[in-house]
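Presented below is the structure to which this report refers.
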Amino acid sequence: MSYRILRLPEVLQKVGLSRATVYNRMSQKQFPRSVSLGGNTVGWIESELDSWLAEQIKKSREQSSDE
């Protein structure tokens, strides 16, 4: 299996959230956790971000149809 690791600037651009919001949601277990790449370097698995985004879209669509 192949993984693509995204660093923070790419993550922020992909999900449209601020750095503070990403880390806040991670601490609340509402955002995919980062992966340690050694030292102080972290990244996120792109497929996990894609799944998270799909779930956010699904929730948003469900709320829209309820209104």
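Here's how to read the names in the structure tokens: chain A, B, ... by the order shown, residue numbers from 1 in each chain, ligand numbers from 1 in the order shown.
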Subject >> Sel. of alpha helix (DSSP H) residues, chain A, as a PyMOL selection string >> reply: chain A and resi 8-15+19-27+46-66
**OP:** Find the residues near segment 35-52 of chain A: any atom within 10 Å, counting only C-alpha atoms, skip ones fewer than 5 places away on the same chain, and give them as JSON, numbers by chain.
**Re:** {"A": [3, 4, 5, 6, 7, 8, 9, 10, 11, 14, 15, 30, 57, 58]}
**OP:** Enumerate the residues of chain A with a DSSP assignment of strand (DSSP E), computed from the backbone, and present them as a count of residues only.
**Re:** 11
**OP:** Quote the spacing between atom CA of Pro32 of chain A and atom CA of Met1 of chain A in Å to one decimal place.
**Re:**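 Spanning atom CA of Pro32 of chain A to atom CA of Met1 of chain A is a straight-line distance of 18.9 Å.
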**OP:** Could you check how far atom CA of Lys29 of chain A sits from atom CA of Leu53 of chain A, in Å to one decimal?
**Re:**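 A separation of 14.5 Å between them.
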